[in-house]
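Peer 1: Structure: coords18.txt, compact mmCIF, C-alpha atoms.
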```txt
# COMPACT_ATOMS: atom_id res chain seq x y z
CA MET C 1384 18.79 4.72 -2.61
CA ARG C 1385 15.08 5.65 -2.85
CA VAL C 1386 12.97 3.96 -5.55
CA LEU C 1387 9.33 4.37 -6.58
CA ILE C 1388 7.53 1.53 -8.36
CA ILE C 1389 4.46 2.56 -10.38
CA GLU C 1390 2.86 -0.70 -11.49
CA ASP C 1391 -0.84 -1.66 -11.55
CA GLU C 1392 -0.27 -5.42 -11.26
CA GLU C 1393 -0.20 -5.48 -7.46
CA ALA C 1394 1.43 -8.90 -7.10
CA LEU C 1395 4.24 -7.89 -9.45
CA ALA C 1396 4.69 -4.48 -7.83
CA LEU C 1397 4.97 -5.99 -4.34
CA ALA C 1398 7.34 -8.72 -5.55
CA ILE C 1399 9.65 -6.12 -7.13
CA ALA C 1400 9.47 -4.03 -3.95
CA ARG C 1401 10.40 -7.00 -1.74
CA GLY C 1402 13.32 -7.87 -3.98
CA LEU C 1403 14.69 -4.33 -4.13
CA ARG C 1404 14.36 -3.98 -0.36
CA ARG C 1405 16.44 -7.13 0.04
CA GLU C 1406 19.04 -5.30 -2.07
CA GLY C 1407 19.07 -2.52 0.52
CA MET C 1408 16.90 0.02 -1.29
CA ALA C 1409 14.08 2.10 0.21
CA VAL C 1410 11.02 1.40 -1.93
CA ASP C 1411 7.58 2.97 -2.28
CA VAL C 1412 4.77 1.50 -4.39
CA SER C 1413 1.92 3.07 -6.35
CA LEU C 1414 -0.72 1.11 -8.26
CA ASP C 1415 -1.97 3.80 -10.64
CA GLY C 1416 -0.51 6.59 -12.74
CA ALA C 1417 -2.10 9.61 -11.06
CA ASP C 1418 -1.04 8.56 -7.55
CA GLY C 1419 2.41 7.60 -8.80
CA LEU C 1420 2.95 10.97 -10.47
CA GLU C 1421 1.91 12.78 -7.30
CA LYS C 1422 4.39 10.78 -5.22
CA ALA C 1423 7.17 11.27 -7.75
CA LEU C 1424 6.66 15.03 -7.76
CA LEU C 1425 6.65 15.25 -3.96
CA THR C 1426 9.69 13.04 -3.20
CA ALA C 1427 13.21 13.16 -4.66
CA TYR C 1428 13.44 9.54 -5.83
CA ASP C 1429 16.68 8.29 -7.36
CA VAL C 1430 14.81 5.97 -9.74
CA VAL C 1431 11.18 5.51 -10.79
CA VAL C 1432 10.30 2.06 -12.16
CA LEU C 1433 7.34 2.92 -14.38
CA ASP C 1434 4.88 0.54 -16.03
CA ARG C 1435 3.63 1.88 -19.34
CA ASN C 1436 0.00 0.72 -19.34
CA LEU C 1437 -1.41 2.24 -16.15
CA PRO C 1438 -4.93 3.09 -15.00
CA GLY C 1439 -5.76 6.62 -13.89
CA LEU C 1440 -3.00 8.22 -15.94
CA HIS C 1441 -1.14 6.42 -18.72
CA GLY C 1442 2.53 5.70 -18.11
CA ASP C 1443 3.46 7.73 -21.19
CA GLU C 1444 1.89 10.83 -19.62
CA VAL C 1445 3.57 10.15 -16.28
CA CYS C 1446 6.93 9.79 -18.02
CA ALA C 1447 6.49 12.97 -20.04
CA ARG C 1448 5.45 14.97 -16.96
CA LEU C 1449 8.42 13.73 -14.91
CA ALA C 1450 10.86 14.34 -17.74
CA GLY C 1451 9.41 17.83 -18.19
CA GLU C 1452 10.21 18.64 -14.56
CA ARG C 1453 13.93 18.28 -15.41
CA SER C 1454 14.51 16.57 -12.09
CA GLU C 1455 17.48 14.30 -11.36
CA THR C 1456 15.16 11.29 -10.96
CA ARG C 1457 15.86 8.56 -13.52
CA ILE C 1458 13.02 6.63 -15.17
CA LEU C 1459 13.08 2.92 -16.00
CA MET C 1460 10.06 2.12 -18.14
CA LEU C 1461 8.51 -1.37 -18.03
CA THR C 1462 6.22 -2.72 -20.72
CA ALA C 1463 4.99 -5.97 -22.22
CA ALA C 1464 5.56 -4.46 -25.67
CA ARG C 1465 9.09 -5.41 -26.78
CA SER C 1466 9.33 -3.99 -30.31
CA LEU C 1467 12.03 -1.51 -31.29
CA ARG C 1468 9.34 1.05 -32.12
CA ASP C 1469 7.93 0.81 -28.57
CA LYS C 1470 11.40 1.14 -27.06
CA VAL C 1471 12.22 4.20 -29.16
CA SER C 1472 8.84 5.72 -28.30
CA GLY C 1473 9.42 5.25 -24.57
CA LEU C 1474 12.89 6.75 -24.70
CA ASN C 1475 11.62 9.71 -26.73
CA LEU C 1476 9.09 10.43 -23.99
CA GLY C 1477 11.98 10.98 -21.57
CA ALA C 1478 12.61 7.53 -20.09
CA ASP C 1479 16.26 6.84 -19.27
CA ASP C 1480 16.03 3.08 -19.80
CA TYR C 1481 13.52 0.53 -21.03
CA LEU C 1482 12.93 -3.06 -19.93
CA GLY C 1483 10.46 -5.47 -21.53
CA LYS C 1484 8.29 -7.91 -19.60
CA PRO C 1485 8.93 -10.61 -18.63
CA PHE C 1486 12.37 -9.76 -17.27
CA ALA C 1487 15.01 -11.33 -15.06
CA PHE C 1488 15.01 -9.72 -11.61
CA GLU C 1489 18.83 -9.58 -11.63
CA GLU C 1490 18.70 -7.44 -14.76
CA LEU C 1491 16.16 -5.11 -13.18
CA VAL C 1492 18.41 -4.63 -10.14
CA ALA C 1493 21.44 -3.96 -12.33
CA ARG C 1494 19.55 -1.38 -14.39
CA VAL C 1495 18.15 0.36 -11.31
CA ARG C 1496 21.64 0.58 -9.78
CA ALA C 1497 23.11 1.88 -13.03
CA LEU C 1498 20.43 4.57 -13.25
CA SER C 1499 20.89 5.58 -9.62
CA ARG C 1500 24.56 6.30 -10.33
CA ARG C 1501 23.39 8.78 -12.95
CA SER C 1502 20.98 10.60 -10.62
CA GLY C 1503 22.46 13.65 -8.95
CA PRO C 1504 26.07 14.79 -9.36
CA ALA C 1505 28.60 12.33 -10.79
CA ARG C 1506 30.40 10.31 -8.15
CA PRO C 1507 33.16 7.70 -8.16
CA PRO C 1508 32.22 3.97 -8.16
CA VAL C 1509 33.81 3.56 -4.71
CA LEU C 1510 33.16 6.27 -2.13
CA ARG C 1511 36.14 7.10 0.08
CA ARG C 1512 36.73 9.52 2.94
CA GLN C 1513 39.64 9.29 5.35
CA ASP C 1514 40.02 5.56 6.07
CA VAL C 1515 36.47 4.53 5.10
CA ASP C 1516 35.64 2.93 1.73
CA LEU C 1517 32.16 2.03 0.49
CA ASP C 1518 31.26 0.17 -2.70
CA PRO C 1519 27.55 0.73 -3.54
CA ALA C 1520 27.55 -1.94 -6.27
CA SER C 1521 28.66 -4.79 -4.01
CA ARG C 1522 27.11 -3.22 -0.89
CA ARG C 1523 30.33 -3.62 1.08
CA ALA C 1524 32.13 -1.11 3.28
CA TRP C 1525 35.49 -1.08 5.07
CA ARG C 1526 37.39 0.95 7.62
CA ARG C 1527 41.16 0.59 7.79
CA ASN C 1528 40.84 -2.44 5.48
CA GLY C 1529 38.52 -4.23 7.92
CA GLU C 1530 35.08 -4.98 6.49
CA LEU C 1531 32.09 -3.49 8.32
CA ASP C 1532 29.03 -5.61 9.11
CA LEU C 1533 26.25 -3.10 8.43
CA THR C 1534 22.49 -3.37 8.23
CA ASN C 1535 20.79 -2.00 5.10
CA LYS C 1536 19.86 1.22 6.89
CA GLU C 1537 23.33 1.71 8.38
CA PHE C 1538 24.82 1.17 4.93
CA GLY C 1539 22.38 3.68 3.41
CA VAL C 1540 23.18 6.33 6.02
CA LEU C 1541 26.93 5.85 5.57
CA GLU C 1542 26.53 6.06 1.78
CA ALA C 1543 24.56 9.31 2.09
CA LEU C 1544 27.16 10.84 4.42
CA LEU C 1545 30.06 9.80 2.19
CA SER C 1546 28.28 11.14 -0.90
CA ALA C 1547 27.92 14.52 0.81
CA SER C 1548 31.75 14.90 0.88
CA GLY C 1549 31.84 16.55 4.29
CA ALA C 1550 28.68 18.63 3.90
CA ILE C 1551 25.96 18.46 6.54
CA VAL C 1552 23.13 15.99 5.87
CA SER C 1553 19.92 16.67 7.80
CA SER C 1554 17.81 14.01 9.48
CA GLU C 1555 15.04 14.87 7.02
CA ASP C 1556 17.36 14.22 4.07
CA LEU C 1557 18.44 10.89 5.55
CA LEU C 1558 14.82 9.87 6.06
CA GLU C 1559 14.05 10.72 2.44
CA LYS C 1560 17.08 8.91 1.02
CA VAL C 1561 17.23 5.79 3.20
CA TRP C 1562 13.70 5.08 4.51
CA ASP C 1563 10.39 4.65 2.69
CA GLU C 1564 7.03 6.39 3.02
CA ASN C 1565 5.84 3.99 5.75
CA THR C 1566 8.37 5.38 8.23
CA ASP C 1567 7.02 7.74 10.89
CA PRO C 1568 8.82 11.06 10.26
CA PHE C 1569 8.61 11.82 13.99
CA SER C 1570 10.33 8.60 15.05
CA ASN C 1571 13.92 8.39 16.27
CA VAL C 1572 15.06 5.87 13.63
CA VAL C 1573 17.72 8.19 12.22
CA ARG C 1574 19.23 8.93 15.62
CA VAL C 1575 19.25 5.25 16.59
CA THR C 1576 20.81 4.21 13.27
CA ILE C 1577 23.50 6.89 13.59
CA MET C 1578 24.24 5.60 17.11
CA THR C 1579 24.68 1.98 15.98
CA LEU C 1580 26.69 3.06 12.93
CA ARG C 1581 29.07 5.05 15.12
CA LYS C 1582 29.71 1.97 17.24
CA LYS C 1583 30.48 -0.17 14.21
CA LEU C 1584 32.81 2.45 12.71
CA GLY C 1585 34.82 2.43 15.94
CA GLU C 1586 37.51 4.86 17.02
CA PRO C 1587 38.42 7.58 16.36
CA PRO C 1588 34.82 8.79 15.85
CA LEU C 1589 33.95 9.93 12.33
CA ILE C 1590 30.33 11.10 12.43
CA GLU C 1591 29.82 14.58 13.82
CA THR C 1592 26.44 15.79 15.08
CA VAL C 1593 25.84 19.41 14.09
CA ALA C 1594 23.28 20.77 16.54
CA GLY C 1595 20.05 21.82 14.86
CA ALA C 1596 21.34 20.89 11.40
CA GLY C 1597 22.19 17.20 11.04
CA TYR C 1598 25.29 15.05 10.64
CA ARG C 1599 28.51 15.01 8.64
CA LEU C 1600 31.66 12.95 8.27
```
Translate the structure of the given file into C-alpha cells.
Peer 2:
Amino acid sequence: MRVLIIEDEEALALAIARGLRREGMAVDVSLDGADGLEKALLTAYDVVVLDRNLPGLHGDEVCARLAGERSETRILMLTAARSLRDKVSGLNLGADDYLGKPFAFEELVARVRALSRRSGPARPPVLRRQDVDLDPASRRAWRRNGELDLTNKEFGVLEALLSASGAIVSSEDLLEKVWDENTDPFSNVVRVTIMTLRKKLGEPPLIETVAGAGYRL
C-alpha cells in the first residue's frame, strides 16, 4: 500500500509516517499543499492523508483538485476543527473520510486500511490463489496452511501479485506500490525481494518471471 501524508507540522507528519511504515505501508511525506498536490498527481497513491490548513496551497484546494481528477486515490482529511459543519464541508469537497485532531493512531491506521480497500477494483478481504492465502488486515499470509514469515516488502510484493489475479505486474509497478520515493528506481530491490520471497514460498515455485515484462503468480 502506498500512502502520501500532506501535513505541515513536520514532527506530526514524520511520526505518522514512522507509524504507518511499521504497519508495512510505503509512505511519502510532503509539508505543504503545492508540493503535496504535485506528488499526488504524479504517483498513484492508494490513500492521501491530507491536513486541511496547509501553507502554499490550502488543503481544501488540494482535496478539490484531487477529487476532480477522478482518480482511484482515496483522501483522508485531517483537521483540528471537529464541528459537524467542518466535517460536511470536507466531505463535500471530495474527501472520502474525515478525522479530527487529536486522534488515536490506531484509528488512523484502521481508516487508512479501510480506504485502501476502496481504492482500485473491489477485492475480497482475504486474497487467495492456488494454495496461498493473504490477509491484508492482519498482515498474515499462508501457504498450504503454514504461515509465512515475510518482511514488509515481501508481504507487499505478494499482495500486489495476488491482487493482479494472474496478470503480469512490472517491476515499475511493484516499486510504485511497495516502495517509497526515497528508493533508487535503478536499484535491484525488486529482484532481490522477489528472490527471497520465492525461497519463503517454497516448492513448487509460484512466481513466474516474464522476460521484459515483469512477474506473475
Peer 1: Can you pull out the residues contacting Val1515 of chain C? Cut-off 9 Å, using all atoms listed in the file, and skip same-chain residues under 5 positions away; I want them as an MDAnalysis selection string.
Peer 2: chainID C and resid 1510 1524:1528 1545 1584
Peer 1: Write out as an MDAnalysis selection string which residues come within 10 Å of segment 1493-1501 of chain C when counting only C-alpha atoms, dropping same-chain ones fewer than 4 positions away.
Peer 2: chainID C and resid 1384:1386 1403 1408 1428:1432 1455:1459 1479:1482 1488:1489 1505:1508 1519:1520
Peer 1: State, in Å with one decimal place, the distance from atom CA of Leu1491 of chain C to atom CA of Glu1392 of chain C.
Peer 2: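 Result for atom CA of Leu1491 of chain C versus atom CA of Glu1392 of chain C: 16.5 Å, one decimal.
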Peer 1: Quick one, how far is atom CA of Asp1563 of chain C from atom CA of Arg1448 of chain C?
Peer 2: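 These two atoms are separated by 22.7 Å.
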Peer 1: Quick one: everything within 12 Å of Val1561 of chain C, counting only C-alpha atoms, minus sequence neighbours fewer than 6 positions away in the same chain. Send it as a ChimeraX atom specification.
Peer 2: /C:1384-1386,1404,1407-1411,1427-1429,1534-1544,1554-1555,1572-1573,1576
Peer 1: Between C:Asp1516, C:Glu1490, C:Asp1532, C:Asp1443, which one has atoms that come closest to Leu1420 of chain C, using only C-alpha atoms?
Peer 2: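 Of all the options, C:Asp1443 lies closest to Leu1420 of chain C.
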Peer 1: Closest to Leu1437 of chain C among C:Glu1421, C:Ala1487, C:Leu1414, C:Met1578, using only C-alpha atoms?
Peer 2: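 Of the candidates, the smallest distance to Leu1437 of chain C is held by C:Leu1414.
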Peer 1: If I take atom CA of Leu1531 of chain C and atom CA of Lys1560 of chain C, how far is one from the other in Å, to one decimal?
Peer 2: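 One can read the atom CA of Leu1531 of chain C to atom CA of Lys1560 of chain C distance as 20.8 Å.
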Peer 1: Counting all atoms listed in the file, write as a PDB file with C-alpha atoms, keeping the file's coordinate frame all protein and nucleic acid residues lying at most 12 Å from (-1.3, -1.7, -10.2) in the file's frame.
Peer 2:
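Once written, result_9.pdb looks like this:
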```
ATOM      1  CA  ILE C1388       7.530   1.530  -8.360  1.00  0.00           C
ATOM      2  CA  ILE C1389       4.460   2.560 -10.380  1.00  0.00           C
ATOM      3  CA  GLU C1390       2.860  -0.700 -11.490  1.00  0.00           C
ATOM      4  CA  ASP C1391      -0.840  -1.660 -11.550  1.00  0.00           C
ATOM      5  CA  GLU C1392      -0.270  -5.420 -11.260  1.00  0.00           C
ATOM      6  CA  GLU C1393      -0.200  -5.480  -7.460  1.00  0.00           C
ATOM      7  CA  ALA C1394       1.430  -8.900  -7.100  1.00  0.00           C
ATOM      8  CA  LEU C1395       4.240  -7.890  -9.450  1.00  0.00           C
ATOM      9  CA  ALA C1396       4.690  -4.480  -7.830  1.00  0.00           C
ATOM     10  CA  LEU C1397       4.970  -5.990  -4.340  1.00  0.00           C
ATOM     11  CA  VAL C1412       4.770   1.500  -4.390  1.00  0.00           C
ATOM     12  CA  SER C1413       1.920   3.070  -6.350  1.00  0.00           C
ATOM     13  CA  LEU C1414      -0.720   1.110  -8.260  1.00  0.00           C
ATOM     14  CA  ASP C1415      -1.970   3.800 -10.640  1.00  0.00           C
ATOM     15  CA  GLY C1416      -0.510   6.590 -12.740  1.00  0.00           C
ATOM     16  CA  ALA C1417      -2.100   9.610 -11.060  1.00  0.00           C
ATOM     17  CA  ASP C1418      -1.040   8.560  -7.550  1.00  0.00           C
ATOM     18  CA  GLY C1419       2.410   7.600  -8.800  1.00  0.00           C
ATOM     19  CA  LEU C1433       7.340   2.920 -14.380  1.00  0.00           C
ATOM     20  CA  ASP C1434       4.880   0.540 -16.030  1.00  0.00           C
ATOM     21  CA  ARG C1435       3.630   1.880 -19.340  1.00  0.00           C
ATOM     22  CA  ASN C1436       0.000   0.720 -19.340  1.00  0.00           C
ATOM     23  CA  LEU C1437      -1.410   2.240 -16.150  1.00  0.00           C
ATOM     24  CA  PRO C1438      -4.930   3.090 -15.000  1.00  0.00           C
ATOM     25  CA  GLY C1439      -5.760   6.620 -13.890  1.00  0.00           C
ATOM     26  CA  LEU C1440      -3.000   8.220 -15.940  1.00  0.00           C
ATOM     27  CA  HIS C1441      -1.140   6.420 -18.720  1.00  0.00           C
ATOM     28  CA  GLY C1442       2.530   5.700 -18.110  1.00  0.00           C
TER      29      GLY C1442
END
```
Peer 1: Around (10.8, -5.7, -20.9) in the file's frame, which residues reach within 9 Å when counting all atoms listed in the file? Return as an mmCIF file with C-alpha atoms, keeping the file's coordinate frame?
Peer 2:
```
data_model
loop_
_atom_site.group_PDB
_atom_site.id
_atom_site.type_symbol
_atom_site.label_atom_id
_atom_site.label_comp_id
_atom_site.auth_asym_id
_atom_site.auth_seq_id
_atom_site.Cartn_x
_atom_site.Cartn_y
_atom_site.Cartn_z
ATOM 1 C CA MET C 1460 10.060 2.120 -18.140
ATOM 2 C CA LEU C 1461 8.510 -1.370 -18.030
ATOM 3 C CA THR C 1462 6.220 -2.720 -20.720
ATOM 4 C CA ALA C 1463 4.990 -5.970 -22.220
ATOM 5 C CA ALA C 1464 5.560 -4.460 -25.670
ATOM 6 C CA ARG C 1465 9.090 -5.410 -26.780
ATOM 7 C CA TYR C 1481 13.520 0.530 -21.030
ATOM 8 C CA LEU C 1482 12.930 -3.060 -19.930
ATOM 9 C CA GLY C 1483 10.460 -5.470 -21.530
ATOM 10 C CA LYS C 1484 8.290 -7.910 -19.600
ATOM 11 C CA PRO C 1485 8.930 -10.610 -18.630
ATOM 12 C CA PHE C 1486 12.370 -9.760 -17.270
#
```
Peer 1: Rank nothing, just name the residue among C:Asn1571, C:Thr1566, C:Ser1454, C:Gln1513 nearest to Gly1549 of chain C, using only C-alpha atoms.
Peer 2: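 Residue with the minimum atom-to-atom distance to Gly1549 of chain C: C:Gln1513.
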Peer 1: Counting all atoms listed in the file, which of C:Arg1405, C:Arg1599, C:Arg1574, C:Lys1583 gets nearest to Gly1529 of chain C?
Peer 2: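 Nearest candidate to Gly1529 of chain C out of C:Arg1405, C:Arg1599, C:Arg1574, C:Lys1583: C:Lys1583.
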Peer 1: Could I get segment 1447-1571 of chain C from the block written as a PDB file, in the first residue's frame, with C-alpha atoms?
Peer 2:
```
ATOM      1  CA  ALA C1447     -10.901  19.551  -4.682  1.00  0.00           C
ATOM      2  CA  ARG C1448      -8.166  19.199  -7.316  1.00  0.00           C
ATOM      3  CA  LEU C1449      -7.537  15.534  -6.467  1.00  0.00           C
ATOM      4  CA  ALA C1450     -11.243  14.737  -6.391  1.00  0.00           C
ATOM      5  CA  GLY C1451     -11.647  16.488  -9.746  1.00  0.00           C
ATOM      6  CA  GLU C1452      -9.069  14.164 -11.285  1.00  0.00           C
ATOM      7  CA  ARG C1453     -11.462  11.242 -10.645  1.00  0.00           C
ATOM      8  CA  SER C1454      -8.536   9.057  -9.664  1.00  0.00           C
ATOM      9  CA  GLU C1455      -8.845   5.928  -7.525  1.00  0.00           C
ATOM     10  CA  THR C1456      -6.805   7.566  -4.736  1.00  0.00           C
ATOM     11  CA  ARG C1457      -8.788   7.928  -1.505  1.00  0.00           C
ATOM     12  CA  ILE C1458      -8.493  11.050   0.654  1.00  0.00           C
ATOM     13  CA  LEU C1459      -8.483  11.099   4.458  1.00  0.00           C
ATOM     14  CA  MET C1460      -8.750  14.704   5.615  1.00  0.00           C
ATOM     15  CA  LEU C1461      -7.231  15.752   8.949  1.00  0.00           C
ATOM     16  CA  THR C1462      -8.194  18.919  10.780  1.00  0.00           C
ATOM     17  CA  ALA C1463      -8.256  20.449  14.235  1.00  0.00           C
ATOM     18  CA  ALA C1464     -11.803  21.659  13.517  1.00  0.00           C
ATOM     19  CA  ARG C1465     -14.211  18.988  14.776  1.00  0.00           C
ATOM     20  CA  SER C1466     -17.646  20.515  14.149  1.00  0.00           C
ATOM     21  CA  LEU C1467     -20.260  18.773  12.016  1.00  0.00           C
ATOM     22  CA  ARG C1468     -20.224  21.723   9.611  1.00  0.00           C
ATOM     23  CA  ASP C1469     -16.465  21.308   9.050  1.00  0.00           C
ATOM     24  CA  LYS C1470     -16.858  17.575   8.509  1.00  0.00           C
ATOM     25  CA  VAL C1471     -19.660  18.046   5.985  1.00  0.00           C
ATOM     26  CA  SER C1472     -17.649  20.754   4.226  1.00  0.00           C
ATOM     27  CA  GLY C1473     -14.614  18.475   3.905  1.00  0.00           C
ATOM     28  CA  LEU C1474     -16.656  15.590   2.566  1.00  0.00           C
ATOM     29  CA  ASN C1475     -18.395  17.873   0.070  1.00  0.00           C
ATOM     30  CA  LEU C1476     -15.000  18.891  -1.287  1.00  0.00           C
ATOM     31  CA  GLY C1477     -14.382  15.264  -2.259  1.00  0.00           C
ATOM     32  CA  ALA C1478     -12.716  13.758   0.819  1.00  0.00           C
ATOM     33  CA  ASP C1479     -13.576  10.099   1.415  1.00  0.00           C
ATOM     34  CA  ASP C1480     -13.172  10.271   5.194  1.00  0.00           C
ATOM     35  CA  TYR C1481     -12.534  12.864   7.877  1.00  0.00           C
ATOM     36  CA  LEU C1482     -10.588  12.603  11.132  1.00  0.00           C
ATOM     37  CA  GLY C1483     -10.333  15.340  13.753  1.00  0.00           C
ATOM     38  CA  LYS C1484      -7.162  16.180  15.666  1.00  0.00           C
ATOM     39  CA  PRO C1485      -6.084  14.960  18.117  1.00  0.00           C
ATOM     40  CA  PHE C1486      -6.688  11.358  17.087  1.00  0.00           C
ATOM     41  CA  ALA C1487      -5.710   7.881  18.231  1.00  0.00           C
ATOM     42  CA  PHE C1488      -3.070   6.410  15.918  1.00  0.00           C
ATOM     43  CA  GLU C1489      -4.896   3.056  15.891  1.00  0.00           C
ATOM     44  CA  GLU C1490      -7.964   4.777  14.470  1.00  0.00           C
ATOM     45  CA  LEU C1491      -5.882   6.472  11.779  1.00  0.00           C
ATOM     46  CA  VAL C1492      -4.415   3.107  10.733  1.00  0.00           C
ATOM     47  CA  ALA C1493      -7.862   1.498  10.629  1.00  0.00           C
ATOM     48  CA  ARG C1494      -9.261   4.316   8.492  1.00  0.00           C
ATOM     49  CA  VAL C1495      -6.308   4.254   6.101  1.00  0.00           C
ATOM     50  CA  ARG C1496      -6.667   0.484   5.659  1.00  0.00           C
ATOM     51  CA  ALA C1497     -10.421   0.795   5.118  1.00  0.00           C
ATOM     52  CA  LEU C1498      -9.894   3.466   2.470  1.00  0.00           C
ATOM     53  CA  SER C1499      -7.190   1.451   0.719  1.00  0.00           C
ATOM     54  CA  ARG C1500      -9.659  -1.407   0.268  1.00  0.00           C
ATOM     55  CA  ARG C1501     -11.871   1.027  -1.625  1.00  0.00           C
ATOM     56  CA  SER C1502      -9.102   2.222  -3.967  1.00  0.00           C
ATOM     57  CA  GLY C1503      -8.972   0.362  -7.258  1.00  0.00           C
ATOM     58  CA  PRO C1504     -11.249  -2.548  -8.183  1.00  0.00           C
ATOM     59  CA  ALA C1505     -13.163  -4.300  -5.407  1.00  0.00           C
ATOM     60  CA  ARG C1506     -11.327  -7.266  -3.952  1.00  0.00           C
ATOM     61  CA  PRO C1507     -12.106  -9.903  -1.315  1.00  0.00           C
ATOM     62  CA  PRO C1508     -10.911  -9.351   2.291  1.00  0.00           C
ATOM     63  CA  VAL C1509      -8.606 -12.388   2.007  1.00  0.00           C
ATOM     64  CA  LEU C1510      -6.625 -12.800  -1.211  1.00  0.00           C
ATOM     65  CA  ARG C1511      -6.291 -16.387  -2.408  1.00  0.00           C
ATOM     66  CA  ARG C1512      -4.596 -18.056  -5.366  1.00  0.00           C
ATOM     67  CA  GLN C1513      -3.837 -21.753  -5.574  1.00  0.00           C
ATOM     68  CA  ASP C1514      -2.639 -22.706  -2.073  1.00  0.00           C
ATOM     69  CA  VAL C1515      -1.605 -19.197  -0.955  1.00  0.00           C
ATOM     70  CA  ASP C1516      -3.795 -17.031   1.296  1.00  0.00           C
ATOM     71  CA  LEU C1517      -3.055 -13.452   2.347  1.00  0.00           C
ATOM     72  CA  ASP C1518      -4.997 -11.317   4.817  1.00  0.00           C
ATOM     73  CA  PRO C1519      -4.098  -7.614   4.342  1.00  0.00           C
ATOM     74  CA  ALA C1520      -5.908  -6.545   7.534  1.00  0.00           C
ATOM     75  CA  SER C1521      -3.914  -8.796   9.868  1.00  0.00           C
ATOM     76  CA  ARG C1522      -0.817  -8.746   7.628  1.00  0.00           C
ATOM     77  CA  ARG C1523      -0.553 -12.533   7.684  1.00  0.00           C
ATOM     78  CA  ALA C1524      -0.006 -14.956   4.817  1.00  0.00           C
ATOM     79  CA  TRP C1525      -0.047 -18.749   4.495  1.00  0.00           C
ATOM     80  CA  ARG C1526       0.848 -21.453   2.029  1.00  0.00           C
ATOM     81  CA  ARG C1527      -0.697 -24.889   2.449  1.00  0.00           C
ATOM     82  CA  ASN C1528      -1.922 -23.768   5.894  1.00  0.00           C
ATOM     83  CA  GLY C1529       1.628 -22.980   7.056  1.00  0.00           C
ATOM     84  CA  GLU C1530       2.158 -19.337   7.990  1.00  0.00           C
ATOM     85  CA  LEU C1531       4.829 -17.427   6.067  1.00  0.00           C
ATOM     86  CA  ASP C1532       7.367 -15.258   7.881  1.00  0.00           C
ATOM     87  CA  LEU C1533       7.580 -12.294   5.491  1.00  0.00           C
ATOM     88  CA  THR C1534       9.220  -8.898   5.703  1.00  0.00           C
ATOM     89  CA  ASN C1535       7.047  -5.847   4.983  1.00  0.00           C
ATOM     90  CA  LYS C1536       8.373  -5.608   1.424  1.00  0.00           C
ATOM     91  CA  GLU C1537       7.932  -9.324   0.729  1.00  0.00           C
ATOM     92  CA  PHE C1538       4.378  -9.083   2.035  1.00  0.00           C
ATOM     93  CA  GLY C1539       3.708  -6.037  -0.165  1.00  0.00           C
ATOM     94  CA  VAL C1540       5.045  -7.756  -3.289  1.00  0.00           C
ATOM     95  CA  LEU C1541       2.996 -10.890  -2.615  1.00  0.00           C
ATOM     96  CA  GLU C1542      -0.115  -8.773  -2.021  1.00  0.00           C
ATOM     97  CA  ALA C1543       0.416  -6.926  -5.320  1.00  0.00           C
ATOM     98  CA  LEU C1544       0.891 -10.185  -7.240  1.00  0.00           C
ATOM     99  CA  LEU C1545      -2.174 -11.793  -5.668  1.00  0.00           C
ATOM    100  CA  SER C1546      -4.268  -8.688  -6.361  1.00  0.00           C
ATOM    101  CA  ALA C1547      -3.309  -8.908 -10.041  1.00  0.00           C
ATOM    102  CA  SER C1548      -5.116 -12.289 -10.316  1.00  0.00           C
ATOM    103  CA  GLY C1549      -2.555 -13.831 -12.651  1.00  0.00           C
ATOM    104  CA  ALA C1550      -1.827 -10.699 -14.693  1.00  0.00           C
ATOM    105  CA  ILE C1551       1.748  -9.528 -15.167  1.00  0.00           C
ATOM    106  CA  VAL C1552       2.995  -6.904 -12.690  1.00  0.00           C
ATOM    107  CA  SER C1553       6.017  -4.917 -13.856  1.00  0.00           C
ATOM    108  CA  SER C1554       8.992  -4.033 -11.678  1.00  0.00           C
ATOM    109  CA  GLU C1555       7.993  -0.383 -12.061  1.00  0.00           C
ATOM    110  CA  ASP C1556       4.500  -1.113 -10.735  1.00  0.00           C
ATOM    111  CA  LEU C1557       5.939  -3.007  -7.774  1.00  0.00           C
ATOM    112  CA  LEU C1558       8.285  -0.118  -6.983  1.00  0.00           C
ATOM    113  CA  GLU C1559       5.358   2.299  -7.065  1.00  0.00           C
ATOM    114  CA  LYS C1560       3.078   0.140  -4.915  1.00  0.00           C
ATOM    115  CA  VAL C1561       5.515  -1.229  -2.323  1.00  0.00           C
ATOM    116  CA  TRP C1562       8.437   1.217  -2.012  1.00  0.00           C
ATOM    117  CA  ASP C1563       8.507   4.960  -1.293  1.00  0.00           C
ATOM    118  CA  GLU C1564      10.012   7.908  -3.155  1.00  0.00           C
ATOM    119  CA  ASN C1565      13.399   7.510  -1.433  1.00  0.00           C
ATOM    120  CA  THR C1566      14.071   4.229  -3.244  1.00  0.00           C
ATOM    121  CA  ASP C1567      16.516   4.374  -6.148  1.00  0.00           C
ATOM    122  CA  PRO C1568      14.461   3.323  -9.214  1.00  0.00           C
ATOM    123  CA  PHE C1569      17.615   1.840 -10.751  1.00  0.00           C
ATOM    124  CA  SER C1570      18.373  -0.412  -7.784  1.00  0.00           C
ATOM    125  CA  ASN C1571      17.784  -4.169  -7.741  1.00  0.00           C
TER     126      ASN C1571
END
```
